[in-house]
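The file model23.cif comes next; it holds mmCIF, C-alpha atoms and all ligand atoms.
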data_work
loop_
_atom_site.label_atom_id
_atom_site.label_comp_id
_atom_site.auth_asym_id
_atom_site.auth_seq_id
_atom_site.Cartn_x
_atom_site.Cartn_y
_atom_site.Cartn_z
CA MET W 1 -4.46 -2.89 17.53
CA VAL W 2 -7.49 -2.44 15.27
CA LEU W 3 -7.78 -4.56 12.12
CA CYS W 4 -10.08 -3.31 9.34
CA ASP W 5 -11.27 -5.16 6.26
CA ILE W 6 -14.33 -5.36 4.04
CA ASP W 7 -14.39 -9.13 4.68
CA GLU W 8 -16.13 -9.22 8.03
CA ALA W 9 -15.87 -12.97 8.75
CA GLY W 10 -12.23 -13.30 7.68
CA GLY W 11 -11.26 -10.04 9.37
CA ARG W 12 -12.89 -10.96 12.68
CA ALA W 13 -11.17 -14.37 12.68
CA VAL W 14 -7.70 -12.83 12.15
CA ALA W 15 -8.37 -10.08 14.71
CA GLU W 16 -9.34 -12.71 17.29
CA GLU W 17 -6.15 -14.66 16.60
CA LEU W 18 -4.12 -11.47 17.14
CA GLY W 19 -6.06 -10.20 20.17
CA ALA W 20 -7.00 -7.13 18.11
CA SER W 21 -10.32 -5.34 17.68
CA PHE W 22 -12.08 -5.54 14.32
CA LEU W 23 -13.92 -2.79 12.44
CA ARG W 24 -15.52 -3.43 9.06
CA CYS W 25 -14.41 -0.78 6.57
CA ASP W 26 -14.61 -0.43 2.80
CA VAL W 27 -11.48 1.64 2.08
CA SER W 28 -12.99 2.91 -1.18
CA SER W 29 -15.59 4.85 0.85
CA TYR W 30 -14.34 8.22 2.15
CA ASP W 31 -17.02 8.34 4.85
CA GLU W 32 -16.25 4.83 6.09
CA VAL W 33 -12.49 5.46 6.24
CA VAL W 34 -12.94 8.71 8.18
CA ALA W 35 -15.46 7.15 10.60
CA THR W 36 -13.38 3.98 11.10
CA THR W 37 -10.19 5.94 11.75
CA ALA W 38 -11.99 8.08 14.32
CA ALA W 39 -13.42 4.96 15.97
CA ALA W 40 -9.99 3.28 16.08
CA GLU W 41 -8.49 6.36 17.70
CA GLN W 42 -11.28 6.45 20.25
CA VAL W 43 -11.06 2.73 21.13
CA HIS W 44 -7.33 2.96 21.96
CA GLY W 45 -7.03 6.60 22.97
CA GLY W 46 -4.71 7.42 20.07
CA LEU W 47 -3.26 6.36 16.73
CA ASP W 48 0.46 5.60 16.29
CA LEU W 49 0.92 3.17 13.38
CA VAL W 50 -1.18 2.90 10.24
CA PHE W 51 -0.81 0.07 7.72
CA LEU W 52 -2.83 0.70 4.55
CA ASN W 53 -2.72 -2.72 2.94
CA ALA W 54 -6.08 -3.39 1.26
CA GLY W 55 -5.73 -4.06 -2.45
CA VAL W 56 -7.28 -5.88 -5.39
CA ALA W 57 -6.24 -7.11 -8.82
CA THR W 58 -8.14 -5.33 -11.60
CA GLY W 59 -9.59 -8.22 -13.54
CA CYS W 60 -9.48 -6.37 -16.87
CA GLY W 61 -7.07 -4.67 -19.23
CA VAL W 62 -7.53 -1.42 -21.18
CA ALA W 63 -8.05 -2.79 -24.72
CA ASP W 64 -10.98 -4.97 -25.80
CA ASP W 65 -11.13 -6.42 -22.31
CA PHE W 66 -11.75 -3.03 -20.61
CA ASP W 67 -14.48 -2.98 -17.99
CA PRO W 68 -15.19 0.53 -16.63
CA LEU W 69 -16.67 -0.82 -13.38
CA ALA W 70 -13.70 -3.09 -12.69
CA TYR W 71 -11.36 -0.20 -13.50
CA ARG W 72 -13.16 2.17 -11.09
CA ARG W 73 -13.20 -0.50 -8.36
CA ALA W 74 -9.44 -1.12 -8.66
CA MET W 75 -8.61 2.59 -8.60
CA ALA W 76 -11.00 3.15 -5.67
CA VAL W 77 -9.53 0.41 -3.50
CA ASN W 78 -5.84 0.64 -4.45
CA LEU W 79 -5.47 4.41 -4.77
CA ASP W 80 -8.46 6.19 -3.17
CA GLY W 81 -8.18 3.81 -0.20
CA VAL W 82 -4.61 4.94 0.47
CA VAL W 83 -5.37 8.65 -0.08
CA PHE W 84 -8.43 8.47 2.23
CA GLY W 85 -6.45 6.45 4.78
CA VAL W 86 -3.56 8.92 4.99
CA HIS W 87 -5.95 11.88 5.00
CA ALA W 88 -7.98 10.43 7.88
CA ALA W 89 -4.90 9.42 9.88
CA ILE W 90 -2.94 12.70 9.72
CA PRO W 91 -4.93 14.66 12.37
CA ALA W 92 -4.90 11.67 14.76
CA LEU W 93 -1.15 11.14 14.29
CA ARG W 94 -0.54 14.85 14.82
CA ARG W 95 -2.44 14.66 18.11
CA ARG W 96 0.13 12.01 19.21
CA GLY W 97 3.04 14.23 18.13
CA GLY W 98 3.83 11.96 15.16
CA GLY W 99 3.63 8.37 13.97
CA THR W 100 4.17 6.09 11.02
CA VAL W 101 2.18 5.18 7.92
CA VAL W 102 3.05 2.28 5.63
CA ALA W 103 1.05 1.91 2.41
CA THR W 104 1.34 -1.32 0.45
CA ALA W 105 2.12 -0.53 -3.18
CA SER W 106 3.87 -3.29 -5.13
CA MET W 107 6.88 -3.99 -7.31
CA ALA W 108 4.29 -3.22 -10.00
CA GLY W 109 4.47 0.36 -8.66
CA LEU W 110 8.16 0.52 -9.59
CA THR W 111 8.17 -1.29 -12.91
CA SER W 112 5.75 -2.37 -15.64
CA ALA W 113 3.16 -5.09 -15.04
CA PRO W 114 1.83 -6.16 -18.46
CA PHE W 115 -0.48 -8.74 -16.81
CA ASP W 116 -2.41 -5.89 -15.09
CA PRO W 117 -1.64 -2.37 -16.42
CA VAL W 118 -4.32 -0.65 -14.29
CA TYR W 119 -2.87 -2.26 -11.14
CA SER W 120 0.58 -0.99 -12.16
CA ALA W 121 -0.89 2.50 -12.69
CA ASN W 122 -2.54 2.76 -9.28
CA LYS W 123 0.48 1.24 -7.50
CA HIS W 124 2.79 3.76 -9.23
CA ALA W 125 0.39 6.43 -7.95
CA VAL W 126 0.75 5.15 -4.38
CA VAL W 127 4.55 5.32 -4.70
CA GLY W 128 4.31 8.89 -6.05
CA LEU W 129 1.97 9.88 -3.24
CA VAL W 130 4.27 8.51 -0.55
CA ARG W 131 7.41 10.08 -2.05
CA SER W 132 5.64 13.44 -2.20
CA LEU W 133 4.17 13.22 1.31
CA GLY W 134 7.44 12.21 3.01
CA PRO W 135 8.98 15.69 3.14
CA VAL W 136 5.60 17.38 3.70
CA LEU W 137 4.78 15.33 6.80
CA ARG W 138 8.30 15.14 8.26
CA PRO W 139 7.91 18.37 10.30
CA SER W 140 4.86 16.82 12.03
CA GLY W 141 6.95 13.78 13.00
CA ILE W 142 4.89 11.60 10.65
CA ARG W 143 6.82 9.11 8.52
CA VAL W 144 5.16 7.66 5.43
CA ASN W 145 6.62 4.89 3.28
CA ALA W 146 5.52 2.44 0.59
CA PHE W 147 5.99 -1.32 0.74
CA CYS W 148 6.70 -2.75 -2.73
CA PRO W 149 6.85 -6.54 -2.71
CA GLY W 150 7.25 -8.85 -5.68
CA PHE W 151 4.85 -11.81 -5.91
CA ALA W 152 3.80 -13.01 -2.45
CA GLU W 153 1.88 -16.15 -1.43
CA THR W 154 -1.61 -14.69 -0.87
CA ALA W 155 -5.11 -14.97 -2.32
CA ILE W 156 -4.46 -12.14 -4.80
CA LEU W 157 -2.30 -14.56 -6.85
CA THR W 158 -5.33 -16.69 -7.78
CA GLY W 159 -5.14 -17.17 -11.52
CA LEU W 160 -1.46 -16.13 -11.67
CA ARG W 161 0.15 -18.71 -9.37
CA GLU W 162 0.27 -21.56 -11.91
CA MET W 163 1.87 -19.32 -14.52
CA LEU W 164 4.46 -18.06 -12.01
CA LEU W 165 5.34 -21.56 -10.85
CA ALA W 166 5.61 -22.77 -14.46
CA ALA W 167 7.97 -19.88 -15.20
CA GLY W 168 10.06 -20.72 -12.10
CA THR W 169 9.33 -17.33 -10.50
CA PRO W 170 10.07 -17.47 -6.75
CA ILE W 171 7.14 -16.41 -4.54
CA ILE W 172 7.66 -14.52 -1.27
CA GLY W 173 6.34 -16.18 1.89
CA VAL W 174 3.78 -14.19 3.90
CA ASP W 175 5.99 -14.45 7.02
CA VAL W 176 8.83 -12.72 5.16
CA ALA W 177 6.45 -10.05 3.86
CA GLY W 178 5.05 -9.49 7.36
CA ARG W 179 8.52 -9.10 8.89
CA SER W 180 9.37 -6.58 6.18
CA VAL W 181 6.38 -4.43 7.10
CA LEU W 182 7.54 -4.42 10.74
CA GLN W 183 11.02 -3.37 9.55
CA ILE W 184 9.53 -0.45 7.61
CA LEU W 185 7.39 0.61 10.58
CA ASP W 186 10.61 0.67 12.68
CA SER W 187 12.72 2.44 10.06
CA PRO W 188 13.68 6.12 10.45
CA GLU W 189 13.22 6.60 6.67
CA THR W 190 10.35 8.58 5.19
CA GLY W 191 9.06 9.14 1.66
CA GLN W 192 10.71 5.91 0.48
CA ALA W 193 9.63 2.89 -1.54
CA PHE W 194 10.88 -0.30 0.12
CA LEU W 195 11.37 -3.11 -2.39
CA LEU W 196 11.09 -6.75 -1.33
CA GLN W 197 12.28 -9.31 -3.87
CA ALA W 198 12.15 -13.05 -3.16
CA GLY W 199 15.47 -14.17 -1.66
CA ARG W 200 16.78 -10.64 -1.09
CA GLU W 201 16.88 -8.39 1.94
CA LEU W 202 14.31 -5.60 2.08
CA MET W 203 15.87 -2.54 0.43
CA VAL W 204 15.11 1.15 -0.11
CA TYR W 205 14.61 1.48 -3.85
CA ARG W 206 16.82 4.29 -5.19
CA PHE W 207 15.27 6.32 -8.02
CA ARG W 208 17.54 8.00 -10.54
CA GLY W 209 17.41 11.78 -10.14
CA ILE W 210 15.81 13.47 -13.13
CA PRO W 211 18.03 15.72 -15.25
CA GLY W 212 17.49 19.36 -14.22
CA PRO W 213 16.41 22.13 -16.62
CA LEU W 214 18.90 24.21 -18.61
CA THR W 215 18.95 27.97 -19.07
CA GLU W 216 18.56 29.45 -22.58
CA SER W 217 22.35 29.39 -22.91
CA GLY W 218 22.41 25.69 -22.06
CA GLU W 219 23.72 26.07 -18.49
CA PRO W 220 22.25 23.94 -15.68
CA VAL W 221 19.79 25.99 -13.57
CA ARG W 222 21.17 26.40 -10.02
N1 LIG W 301 0.42 -10.99 -3.03
C1 LIG W 301 1.17 -10.35 -3.93
O1 LIG W 301 1.80 -10.95 -4.80
C2 LIG W 301 1.31 -8.86 -3.83
C3 LIG W 301 2.41 -8.24 -4.43
C4 LIG W 301 2.54 -6.87 -4.34
C5 LIG W 301 1.61 -6.13 -3.66
N2 LIG W 301 0.54 -6.75 -3.09
C6 LIG W 301 -0.41 -5.91 -2.37
O2 LIG W 301 -0.49 -6.38 -1.03
C7 LIG W 301 -1.71 -5.92 -0.46
C8 LIG W 301 -2.38 -7.04 0.27
O3 LIG W 301 -2.86 -8.00 -0.68
P1 LIG W 301 -2.66 -9.56 -0.50
O4 LIG W 301 -1.61 -9.99 -1.42
O5 LIG W 301 -2.55 -9.91 0.94
O6 LIG W 301 -4.03 -10.08 -1.13
P2 LIG W 301 -5.33 -10.61 -0.41
O7 LIG W 301 -6.36 -10.69 -1.48
O8 LIG W 301 -5.01 -11.83 0.37
O9 LIG W 301 -5.69 -9.46 0.64
C9 LIG W 301 -6.29 -8.27 0.27
C10 LIG W 301 -7.18 -7.85 1.42
O10 LIG W 301 -7.77 -6.59 1.09
C11 LIG W 301 -9.13 -6.65 1.50
N3 LIG W 301 -9.92 -5.69 0.72
C12 LIG W 301 -10.22 -5.75 -0.60
N4 LIG W 301 -11.00 -4.71 -0.94
C13 LIG W 301 -11.21 -3.98 0.20
C14 LIG W 301 -11.92 -2.80 0.49
N5 LIG W 301 -12.61 -2.15 -0.45
N6 LIG W 301 -11.89 -2.34 1.76
C15 LIG W 301 -11.22 -3.00 2.73
N7 LIG W 301 -10.53 -4.13 2.52
C16 LIG W 301 -10.51 -4.61 1.25
C17 LIG W 301 -9.55 -8.10 1.21
O11 LIG W 301 -10.73 -8.46 1.89
C18 LIG W 301 -8.32 -8.84 1.70
O12 LIG W 301 -8.39 -9.13 3.07
C19 LIG W 301 -2.53 -5.36 -1.61
O13 LIG W 301 -2.42 -3.94 -1.61
C20 LIG W 301 -1.84 -5.92 -2.84
O14 LIG W 301 -2.05 -5.11 -3.99
C21 LIG W 301 0.38 -8.09 -3.15
#
Could you take the file, read its structure, and then write that structure out as structure tokens?
Ligand SMILES: NC(=O)c1ccc[n+]([C@@H]2O[C@H](COP(=O)([O-])OP(=O)(O)OC[C@H]3O[C@@H](n4cnc5c(N)ncnc54)[C@H](O)[C@@H]3O)[C@@H](O)[C@H]2O)c1
Amino acid sequence: MVLCDIDEAGGRAVAEELGASFLRCDVSSYDEVVATTAAAEQVHGGLDLVFLNAGVATGCGVADDFDPLAYRRAMAVNLDGVVFGVHAAIPALRRRGGGTVVATASMAGLTSAPFDPVYSANKHAVVGLVRSLGPVLRPSGIRVNAFCPGFAETAILTGLREMLLAAGTPIIGVDVAGRSVLQILDSPETGQAFLLQAGRELMVYRFRGIPGPLTESGEPVR
């Protein structure tokens, strides 16, 4: 297993605990993601499972509090990072005859998140990407799914935790979130958004089908 993070000290410590290798990678950099993926493949002689989990809160809104740099950073980590990660992994997974990709989106990728609209936008984009790639990559034996948890007990909640606790919002434990990712990696599904709500089993989120177009005479197009 190869663990990658921009936080070198923290990443190395976790990798050591897990008996994994560590490679520093900024997922917002196309060159770094491509080089790191190639290095990971080389270290272990192949790539089978890819977990694209890096993510950040935006730290600004889009009204008076808009900060173009913070916006670009959030889009680069949360969306570009996943696009670059899947792009870099596909050839390596094909060389193994298939594999699995899980990208962490969020419940904010399935519903509105007024506390961080830009985060909601890039997480919706990750869900759209995964749903679109599922059928495209199926013939190569590559499964790709999104993990969409509600609030989970991690550092990203700094600044939100007190408000959530005051509102009585249950927070998902990291052990539960971790087990859910393993479940998705094992699942035969592809192109799906897996929702994890506190206290509930992990579930495939079912989207409503969109109404199809009508002909000029008002008949459904077949
Ligand atoms: N905790 C929650 O409530 C929650 C809910 C839904 C989704 N998520 C998502 O879960 C994922 C993991 O976040 P978390 O909750 O563990 O938060 P976290 O802040 O504990 O972890 C995020 C990790 O991403 C790394 N990272 C940040 N920018 C990076 C970059 N440019 N390149 C490489 N690594 C980078 C950080 O160093 C950190 O280790 C994120 O995608 C987040 O959006 C979290």
* From W:Val176, W:Met75, W:Ala108, W:Val101, residue lying nearest Asn145 in chain W [all atoms listed in the file] -> W:Val101
* Near Ile172 in chain W, counting all atoms listed in the file, which residues have an atom at most 9 Å away, once you skip same-chain residues fewer than 2 positions from it, shown as a list of chain:residue names? -> W:Pro149, W:Gly150, W:Phe151, W:Ala152, W:Glu153, W:Pro170, W:Val174, W:Asp175, W:Val176, W:Ala177, W:Leu196, W:Gln197, W:Ala198, W:Gly199
Wanna dump the range 59-102 of chain W-range 125-143 of chain W contacts at 10 Å for me, each residue with its shortest atom pair and the distance in Å to one decimal, counting all atoms listed in the file, ordered by chain and number, as a Markdown table?
| residue | atom | partner | partner_atom | distance |
| --- | --- | --- | --- | --- |
| W:Met75 | CA | W:Ala125 | CA | 9.8 |
| W:Asn78 | CA | W:Val126 | CA | 8.0 |
| W:Leu79 | CA | W:Val126 | CA | 6.3 |
| W:Asp80 | CA | W:Val126 | CA | 9.3 |
| W:Gly81 | CA | W:Val126 | CA | 10.0 |
| W:Val82 | CA | W:Val126 | CA | 7.2 |
| W:Val83 | CA | W:Leu129 | CA | 8.1 |
| W:Val86 | CA | W:Leu133 | CA | 9.6 |
| W:Ile90 | CA | W:Ile142 | CA | 8.0 |
| W:Leu93 | CA | W:Ile142 | CA | 7.1 |
| W:Arg94 | CA | W:Ser140 | CA | 6.4 |
| W:Arg95 | CA | W:Ser140 | CA | 9.7 |
| W:Arg96 | CA | W:Gly141 | CA | 9.4 |
| W:Gly97 | CA | W:Gly141 | CA | 6.5 |
| W:Gly98 | CA | W:Gly141 | CA | 4.2 |
| W:Gly99 | CA | W:Ile142 | CA | 4.8 |
| W:Thr100 | CA | W:Arg143 | CA | 4.7 |
| W:Val101 | CA | W:Arg143 | CA | 6.1 |
| W:Val102 | CA | W:Arg143 | CA | 8.3 |
* Please write out the residues within 8 Å of ligand LIG 301 (chain W) as a ChimeraX atom specification, counting all atoms listed in the file. => /W:4-7,10-11,24-29,52-57,76-78,81,103-108,119,123,147-157,171-172
Listed atoms of range 169-177 of chain W boxed along x, y and z, 3 Å each side, centre and edge lengths in Å, one decimal, as JSON:
{"center_x": 6.9, "center_y": -13.8, "center_z": -1.7, "size_x": 12.3, "size_y": 13.4, "size_z": 23.5}
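Between CA of Gly85 in chain W and CA of Thr37 in chain W the interatomic distance comes to 7.9 Å.
What separates CA of Phe51 in chain W from CA of Pro68 in chain W is a distance of 28.3 Å.
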* Have a look at CA of Asp116 in chain W and CA of Ala74 in chain W and let me know their distance in Å, one decimal. =>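 Separation between CA of Asp116 in chain W and CA of Ala74 in chain W: 10.7 Å.
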* So which one's closest to Glu32 in chain W, W:Leu202, W:Ala88, W:Ala113, W:Leu165? Using all atoms listed in the file, please. ->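 Between W:Leu202, W:Ala88, W:Ala113, W:Leu165, the residue approaching Glu32 in chain W most closely is W:Ala88.
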